[in-house]
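Engineer: Please find run_20.csv (CSV, C-alpha atoms) on the next line:
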chain,number,residue,atom,x,y,z
A,1,MET,CA,56.8,18.0,-3.1
A,2,ARG,CA,58.5,16.9,0.1
A,3,ILE,CA,62.3,16.4,0.3
A,4,VAL,CA,63.6,13.7,2.8
A,5,PRO,CA,67.3,13.5,3.5
A,6,LEU,CA,68.8,10.1,2.8
A,7,GLY,CA,72.3,10.1,4.2
A,8,GLU,CA,74.8,12.9,3.5
A,9,THR,CA,74.7,12.9,-0.3
A,10,ALA,CA,71.1,11.8,-1.3
A,11,TRP,CA,67.5,12.9,-1.0
A,12,ILE,CA,64.2,11.2,-1.5
A,13,LEU,CA,61.6,13.3,-3.3
A,14,ALA,CA,58.1,12.4,-2.2
A,15,GLU,CA,54.5,13.6,-2.6
A,16,LEU,CA,55.2,14.4,-6.2
A,17,GLU,CA,52.7,16.1,-8.5
A,18,ALA,CA,54.1,14.4,-11.6
A,19,SER,CA,55.1,10.8,-12.6
A,20,PRO,CA,58.4,9.8,-10.8
A,21,TRP,CA,60.0,8.7,-14.0
A,22,TRP,CA,59.3,12.0,-15.6
A,23,VAL,CA,60.7,13.9,-12.6
A,24,ALA,CA,63.8,11.8,-12.8
A,25,ASP,CA,64.2,12.5,-16.5
A,26,ARG,CA,63.7,16.2,-16.0
A,27,LEU,CA,66.3,16.3,-13.2
A,28,ARG,CA,68.9,14.6,-15.3
A,29,GLU,CA,68.2,17.0,-18.2
A,30,ALA,CA,68.4,20.0,-15.9
A,31,ALA,CA,72.1,19.2,-15.2
A,32,VAL,CA,72.0,20.4,-11.6
A,33,PRO,CA,75.6,21.0,-10.4
A,34,GLY,CA,76.8,18.0,-8.5
A,35,LEU,CA,73.9,15.8,-9.4
A,36,ALA,CA,75.1,12.2,-9.9
A,37,ASP,CA,71.8,10.5,-10.7
A,38,ALA,CA,68.0,10.5,-10.2
A,39,ALA,CA,66.3,7.2,-9.9
A,40,ALA,CA,62.5,6.7,-10.1
A,41,ALA,CA,60.5,4.3,-8.0
A,42,TYR,CA,56.7,3.7,-7.7
A,43,GLU,CA,55.9,7.0,-6.0
A,44,THR,CA,59.3,8.6,-5.2
A,45,VAL,CA,62.6,9.7,-6.8
A,46,GLY,CA,66.0,9.1,-5.3
A,47,VAL,CA,68.4,12.1,-5.9
A,48,TYR,CA,72.1,11.3,-5.5
A,49,PHE,CA,74.8,13.9,-5.3
A,50,GLU,CA,78.6,13.7,-5.8
A,51,PHE,CA,79.0,15.8,-2.7
A,52,PRO,CA,76.8,17.0,0.2
A,53,PRO,CA,74.0,19.1,-1.4
A,54,GLY,CA,73.5,22.7,-0.4
A,55,GLN,CA,70.7,25.2,-0.7
A,56,VAL,CA,71.5,26.1,-4.3
A,57,GLN,CA,70.9,22.6,-5.5
A,58,ARG,CA,67.6,22.4,-3.5
A,59,ASP,CA,66.3,25.5,-5.2
A,60,GLN,CA,67.3,24.2,-8.6
A,61,ILE,CA,65.7,20.9,-8.0
A,62,GLU,CA,62.5,22.5,-6.8
A,63,SER,CA,62.4,24.7,-9.8
A,64,ALA,CA,63.0,21.9,-12.3
A,65,VAL,CA,60.2,19.7,-10.7
A,66,ALA,CA,57.8,22.6,-10.5
A,67,LEU,CA,57.9,22.9,-14.3
A,68,LEU,CA,56.2,19.5,-14.6
A,69,GLU,CA,53.3,20.2,-12.2
A,70,GLY,CA,49.9,20.1,-13.9
A,71,ARG,CA,51.3,18.8,-17.1
A,72,GLN,CA,50.7,15.4,-18.7
A,73,PRO,CA,53.8,13.3,-19.3
A,74,PRO,CA,54.6,12.2,-22.9
A,75,LEU,CA,53.4,8.7,-24.0
A,76,MET,CA,56.3,6.3,-23.6
A,77,PRO,CA,57.0,3.5,-26.1
A,78,LEU,CA,55.4,0.1,-25.8
A,79,VAL,CA,57.7,-2.9,-25.4
A,80,GLU,CA,56.2,-6.3,-26.4
A,81,VAL,CA,57.7,-9.2,-24.6
A,82,PRO,CA,57.1,-12.8,-25.8
A,83,VAL,CA,56.7,-15.3,-22.9
A,84,CYS,CA,56.5,-19.0,-22.9
A,85,TYR,CA,54.3,-19.7,-19.9
A,86,GLU,CA,54.9,-23.4,-20.1
A,87,LEU,CA,58.4,-22.8,-18.8
A,88,GLY,CA,57.3,-21.2,-15.6
A,89,GLU,CA,58.6,-23.3,-12.8
A,90,ASP,CA,55.8,-22.4,-10.5
A,91,VAL,CA,53.0,-21.8,-13.1
A,92,GLU,CA,51.0,-24.9,-12.3
A,93,GLU,CA,51.1,-24.3,-8.6
A,94,ILE,CA,50.3,-20.6,-8.9
A,95,SER,CA,47.5,-21.3,-11.4
A,96,SER,CA,45.9,-23.8,-9.1
A,97,ARG,CA,46.2,-21.4,-6.1
A,98,LEU,CA,44.4,-18.7,-8.1
A,99,GLY,CA,41.7,-21.1,-9.3
A,100,LEU,CA,42.9,-20.7,-12.9
A,101,THR,CA,44.2,-23.0,-15.7
A,102,VAL,CA,47.7,-22.3,-17.0
A,103,ALA,CA,46.1,-20.9,-20.2
A,104,GLY,CA,43.8,-18.7,-18.0
A,105,LEU,CA,46.8,-17.4,-16.1
A,106,ALA,CA,48.6,-16.6,-19.3
A,107,GLN,CA,45.6,-14.8,-20.7
A,108,ALA,CA,45.2,-12.8,-17.6
A,109,HIS,CA,48.8,-11.9,-17.4
A,110,SER,CA,49.1,-10.9,-21.0
A,111,LYS,CA,46.0,-8.9,-21.4
A,112,VAL,CA,47.2,-6.0,-19.2
A,113,GLU,CA,49.4,-3.1,-20.3
A,114,TYR,CA,52.0,-2.6,-17.6
A,115,GLU,CA,54.1,0.4,-16.6
A,116,CYS,CA,57.8,0.0,-15.7
A,117,PHE,CA,57.9,1.9,-12.4
A,118,ALA,CA,61.5,1.2,-11.5
A,119,VAL,CA,64.6,-0.8,-12.5
A,120,GLY,CA,66.7,-2.4,-9.8
A,121,PHE,CA,67.6,-5.4,-7.7
A,122,GLN,CA,70.0,-6.4,-10.4
A,123,PRO,CA,70.9,-4.4,-13.6
A,124,GLY,CA,67.9,-4.3,-15.9
A,125,PHE,CA,65.3,-5.9,-13.6
A,126,PRO,CA,62.0,-4.1,-14.3
A,127,TYR,CA,59.3,-3.7,-11.6
A,128,LEU,CA,56.1,-3.7,-13.6
A,129,GLY,CA,52.6,-3.0,-12.4
A,130,TYR,CA,49.9,-3.5,-11.8
A,131,LEU,CA,48.8,-7.1,-12.0
A,132,PRO,CA,45.0,-7.6,-12.6
A,133,ASP,CA,43.1,-8.5,-9.5
A,134,SER,CA,42.8,-12.1,-10.6
A,135,LEU,CA,46.6,-12.5,-10.3
A,136,SER,CA,47.3,-10.3,-7.3
A,137,GLY,CA,48.3,-11.4,-3.8
A,138,ILE,CA,50.8,-14.1,-4.5
A,139,PRO,CA,53.6,-13.9,-1.8
A,140,ARG,CA,57.3,-14.4,-2.4
A,141,LEU,CA,58.7,-17.8,-2.0
A,142,ALA,CA,59.3,-18.9,1.6
A,143,SER,CA,62.8,-20.0,0.5
A,144,PRO,CA,64.3,-18.1,-2.4
A,145,ARG,CA,65.9,-20.0,-5.2
A,146,THR,CA,69.7,-20.0,-5.3
A,147,ARG,CA,69.6,-19.4,-9.1
A,148,VAL,CA,66.8,-18.2,-11.4
A,149,ALA,CA,67.3,-18.6,-15.2
A,150,ALA,CA,67.7,-15.5,-17.3
A,151,GLY,CA,64.4,-14.3,-18.8
A,152,SER,CA,62.3,-15.8,-16.1
A,153,VAL,CA,59.0,-13.9,-15.5
A,154,GLY,CA,57.8,-13.7,-11.9
A,155,ILE,CA,54.9,-12.2,-10.0
A,156,THR,CA,54.4,-11.2,-6.4
A,157,GLY,CA,51.9,-8.9,-4.7
A,158,ARG,CA,50.6,-6.6,-7.5
A,159,GLN,CA,53.9,-6.7,-9.4
A,160,THR,CA,55.4,-8.7,-12.2
A,161,GLY,CA,59.0,-8.6,-13.3
A,162,ILE,CA,61.7,-10.3,-15.5
A,163,TYR,CA,65.1,-11.6,-14.3
A,164,PRO,CA,67.7,-10.3,-16.8
A,165,GLY,CA,70.4,-12.8,-15.9
A,166,GLY,CA,70.9,-15.9,-13.8
A,167,SER,CA,70.7,-14.9,-10.1
A,168,PRO,CA,69.1,-15.8,-6.8
A,169,GLY,CA,65.5,-14.9,-6.7
A,170,GLY,CA,62.4,-15.2,-4.5
A,171,TRP,CA,59.5,-14.4,-6.9
A,172,PRO,CA,57.2,-17.3,-8.0
A,173,LEU,CA,58.0,-17.9,-11.7
A,174,ILE,CA,55.1,-18.1,-14.3
A,175,GLY,CA,57.0,-18.1,-17.6
A,176,ARG,CA,60.2,-17.3,-19.4
A,177,THR,CA,61.0,-14.9,-22.3
A,178,PRO,CA,63.7,-15.6,-24.9
A,179,MET,CA,64.4,-11.8,-25.3
A,180,LEU,CA,67.6,-10.3,-24.2
A,181,ILE,CA,66.7,-8.1,-21.2
A,182,ALA,CA,70.1,-6.7,-20.4
A,183,ASP,CA,73.4,-6.5,-22.3
A,184,LEU,CA,75.9,-5.8,-19.6
A,185,ASP,CA,78.9,-6.0,-21.9
A,186,HIS,CA,77.6,-3.0,-23.9
A,187,GLY,CA,75.8,-1.2,-21.1
A,188,LYS,CA,72.4,-1.6,-22.8
A,189,PHE,CA,69.0,-2.5,-21.2
A,190,LEU,CA,65.6,-3.2,-22.6
A,191,PHE,CA,63.7,-1.4,-19.8
A,192,ARG,CA,63.7,2.0,-18.2
A,193,SER,CA,61.2,3.7,-15.9
A,194,GLY,CA,58.1,4.9,-17.7
A,195,LEU,CA,58.0,2.4,-20.5
A,196,ARG,CA,54.8,0.6,-21.3
A,197,VAL,CA,55.0,-3.2,-21.4
A,198,ARG,CA,52.8,-6.0,-22.8
A,199,PHE,CA,53.4,-9.7,-22.7
A,200,MET,CA,52.7,-12.0,-25.6
A,201,PRO,CA,52.1,-15.7,-25.0
A,202,ILE,CA,54.2,-18.0,-27.2
A,203,GLY,CA,54.7,-21.8,-27.3
A,204,GLN,CA,57.7,-23.9,-26.6
A,205,ALA,CA,58.6,-24.3,-30.3
A,206,GLU,CA,58.5,-20.5,-30.9
A,207,TYR,CA,60.6,-20.0,-27.7
A,208,ASP,CA,63.2,-22.5,-28.9
A,209,SER,CA,63.5,-20.9,-32.4
A,210,PHE,CA,63.6,-17.3,-31.2
A,211,ASP,CA,66.7,-15.4,-32.1
A,212,PRO,CA,67.3,-12.5,-29.7
A,213,GLY,CA,69.5,-10.8,-32.3
A,214,GLU,CA,66.6,-10.6,-34.7
A,215,HIS,CA,64.3,-9.2,-32.1
A,216,PRO,CA,66.2,-6.7,-30.0
A,217,GLY,CA,63.0,-4.9,-28.8
A,218,THR,CA,63.8,-1.4,-27.8
A,219,ILE,CA,67.1,-2.0,-26.1
A,220,GLU,CA,68.6,1.4,-25.4
A,221,GLU,CA,71.7,2.7,-23.8
A,222,CYS,CA,71.6,3.2,-20.0
A,223,PRO,CA,71.1,6.9,-19.3
A,224,PRO,CA,74.2,8.8,-18.1
Could you express the structure from this file as structure tokens?
Structural biologist:
Amino acid sequence: MRIVPLGETAWILAELEASPWWVADRLREAAVPGLADAAAAYETVGVYFEFPPGQVQRDQIESAVALLEGRQPPLMPLVEVPVCYELGEDVEEISSRLGLTVAGLAQAHSKVEYECFAVGFQPGFPYLGYLPDSLSGIPRLASPRTRVAAGSVGITGRQTGIYPGGSPGGWPLIGRTPMLIADLDHGKFLFRSGLRVRFMPIGQAEYDSFDPGEHPGTIEECPP
């Protein structure tokens, strides 16, 4: 493991021997004095302190992470997300660019089991990977939209993601889910790093009749 300073009160943990989400979970459980949070990304973990970290915290962090080396992480829950691909604002253009029909794009996107590598950009936005080769390589929009509808599913590069609420956004949109992705009023979110995710194609009628209250998925409280 390599520790890279990030300002006066944060580190980046790189070259990890265990999954970043598992390292972040372990650090939160270890209750290192002064540790404010640990946030996982694709290959690294951001460690944030309430005050400038000293040597004691470094030793404790190294010890906590070392306990995971050589071990297999637990199997995380699978979240199934219904998606109406007909509602993707860019789905026809993207399908044509990839040499697929809309149905073919939906099949390719939904046949893969993804991992949630990180959550960010806005509260609850999951960065999911990796896309199959047939869908990879689509760039971000040249001009981001000023507002993207809540539940919109986008792709770019090798990633796919879901916009939890209306916001600006630059990812091409290939569908929309009726599921509640983030409940900011109650501090609950559908995704966290490490979760497994699979998309399920649905039609417009099923999308319109979907009741998020009856299908809460695995919404869980945001970790402290």
Engineer: So what do you get for CA of Ile94 (chain A) versus CA of Pro212 (chain A), distance-wise?
Structural biologist: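 Value for the CA of Ile94 (chain A)-CA of Pro212 (chain A) distance: 28.1 Å.
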Engineer: Counting only C-alpha atoms, which residues of region 155-178 of chain A sit at most 12 Å from some atom of region 189-192 of chain A, and what is each one's closest atom pair with its distance in Å to one decimal, listed by chain and rising residue number, as a Markdown table?
Structural biologist:
| residue | atom | partner | partner_atom | distance |
| --- | --- | --- | --- | --- |
| A:Gly161 | CA | A:Phe191 | CA | 10.8 |
| A:Ile162 | CA | A:Phe191 | CA | 10.1 |
| A:Tyr163 | CA | A:Phe191 | CA | 11.7 |
| A:Pro164 | CA | A:Phe189 | CA | 9.0 |
| A:Gly165 | CA | A:Phe189 | CA | 11.7 |
Engineer: Select, from A:Arg97, A:Arg71, A:Arg176, A:Arg58, the residue with the minimum atom-to-atom distance to Tyr85 (chain A), counting only C-alpha atoms.
Structural biologist: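 Once distances to Tyr85 (chain A) are computed over only C-alpha atoms, the minimum belongs to A:Arg176.
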Engineer: Please build the interface table for region 73-134 of chain A against region 16-27 of chain A with a cut-off of 10 Å, listing for each qualifying residue the nearest atom pair and the distance in Å to one decimal; count only C-alpha atoms, order rows by chain and increasing number, and write it as a Markdown table.
Structural biologist:
| residue | atom | partner | partner_atom | distance |
| --- | --- | --- | --- | --- |
| A:Pro73 | CA | A:Trp22 | CA | 6.8 |
| A:Pro74 | CA | A:Trp22 | CA | 8.7 |
| A:Cys116 | CA | A:Trp21 | CA | 9.1 |
| A:Phe117 | CA | A:Trp21 | CA | 7.3 |
| A:Ala118 | CA | A:Trp21 | CA | 8.0 |
Engineer: Compare A:Glu50, A:Glu62, A:Glu80, A:Asp208 by their minimum atom-to-atom distance to Asp37 (chain A), counting all atoms listed in the file, and give me the closest one.
Structural biologist: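 So, comparing all the options, the nearest one is A:Glu50.
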Engineer: Taking into account all atoms listed in the file, which residue in the set A:Glu15, A:Asp211, A:Asp90, A:Glu113 is nearest to Gly154 (chain A)?
Structural biologist: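 So, comparing all the options, the nearest one is A:Asp90.
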Engineer: Which residue gives the smallest distance to Glu86 (chain A) among A:Phe49, A:Trp171, A:Phe125, A:Tyr207, with all atoms listed in the file counted?
Structural biologist: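 So, comparing all the options, the nearest one is A:Tyr207.
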Engineer: Which residue is closest to Gly151 (chain A)? Choose from A:Pro201, A:Gly54, A:Gly99, A:Pro178 and count all atoms listed in the file.
Structural biologist: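 Of A:Pro201, A:Gly54, A:Gly99, A:Pro178, the one nearest Gly151 (chain A) is A:Pro178, counting all atoms listed in the file.
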Engineer: Would you work out the distance separating CA of Gly124 (chain A) from CA of Ile181 (chain A), expressed in Å to one decimal?
Structural biologist: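 Separation of CA of Gly124 (chain A) and CA of Ile181 (chain A): 6.6 Å.
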Engineer: Smallest atom-to-atom distance to Leu195 (chain A): which of A:Glu8, A:Asp59, A:Glu115, A:Glu93, using all atoms listed in the file?
Structural biologist: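 Closest to Leu195 (chain A), using all atoms listed in the file: A:Glu115.
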Engineer: Rounded to one decimal, what separation in Å do you get between CA of Gly7 (chain A) and CA of Val119 (chain A)?
Structural biologist: 21.4 Å
Engineer: With all atoms listed in the file as the counted atoms, please give the residues lying no more than 9 Å from region 129-141 of chain A, apart from itself and same-chain residues fewer than 2 positions off, as a PyMOL selection string.
Structural biologist: chain A and resi 94-95+97-98+100+105+108-109+111-117+127+143-145+155-161+169-172
Engineer: Could you turn the residues from that selection into a file that holds C-alpha atoms, as a PDB file, in the coordinates of the input?
Structural biologist:
ATOM      1  CA  ILE A  94      50.300 -20.600  -8.900  1.00  0.00           C
ATOM      2  CA  SER A  95      47.500 -21.300 -11.400  1.00  0.00           C
ATOM      3  CA  ARG A  97      46.200 -21.400  -6.100  1.00  0.00           C
ATOM      4  CA  LEU A  98      44.400 -18.700  -8.100  1.00  0.00           C
ATOM      5  CA  LEU A 100      42.900 -20.700 -12.900  1.00  0.00           C
ATOM      6  CA  LEU A 105      46.800 -17.400 -16.100  1.00  0.00           C
ATOM      7  CA  ALA A 108      45.200 -12.800 -17.600  1.00  0.00           C
ATOM      8  CA  HIS A 109      48.800 -11.900 -17.400  1.00  0.00           C
ATOM      9  CA  LYS A 111      46.000  -8.900 -21.400  1.00  0.00           C
ATOM     10  CA  VAL A 112      47.200  -6.000 -19.200  1.00  0.00           C
ATOM     11  CA  GLU A 113      49.400  -3.100 -20.300  1.00  0.00           C
ATOM     12  CA  TYR A 114      52.000  -2.600 -17.600  1.00  0.00           C
ATOM     13  CA  GLU A 115      54.100   0.400 -16.600  1.00  0.00           C
ATOM     14  CA  CYS A 116      57.800   0.000 -15.700  1.00  0.00           C
ATOM     15  CA  PHE A 117      57.900   1.900 -12.400  1.00  0.00           C
ATOM     16  CA  TYR A 127      59.300  -3.700 -11.600  1.00  0.00           C
ATOM     17  CA  SER A 143      62.800 -20.000   0.500  1.00  0.00           C
ATOM     18  CA  PRO A 144      64.300 -18.100  -2.400  1.00  0.00           C
ATOM     19  CA  ARG A 145      65.900 -20.000  -5.200  1.00  0.00           C
ATOM     20  CA  ILE A 155      54.900 -12.200 -10.000  1.00  0.00           C
ATOM     21  CA  THR A 156      54.400 -11.200  -6.400  1.00  0.00           C
ATOM     22  CA  GLY A 157      51.900  -8.900  -4.700  1.00  0.00           C
ATOM     23  CA  ARG A 158      50.600  -6.600  -7.500  1.00  0.00           C
ATOM     24  CA  GLN A 159      53.900  -6.700  -9.400  1.00  0.00           C
ATOM     25  CA  THR A 160      55.400  -8.700 -12.200  1.00  0.00           C
ATOM     26  CA  GLY A 161      59.000  -8.600 -13.300  1.00  0.00           C
ATOM     27  CA  GLY A 169      65.500 -14.900  -6.700  1.00  0.00           C
ATOM     28  CA  GLY A 170      62.400 -15.200  -4.500  1.00  0.00           C
ATOM     29  CA  TRP A 171      59.500 -14.400  -6.900  1.00  0.00           C
ATOM     30  CA  PRO A 172      57.200 -17.300  -8.000  1.00  0.00           C
TER      31      PRO A 172
END
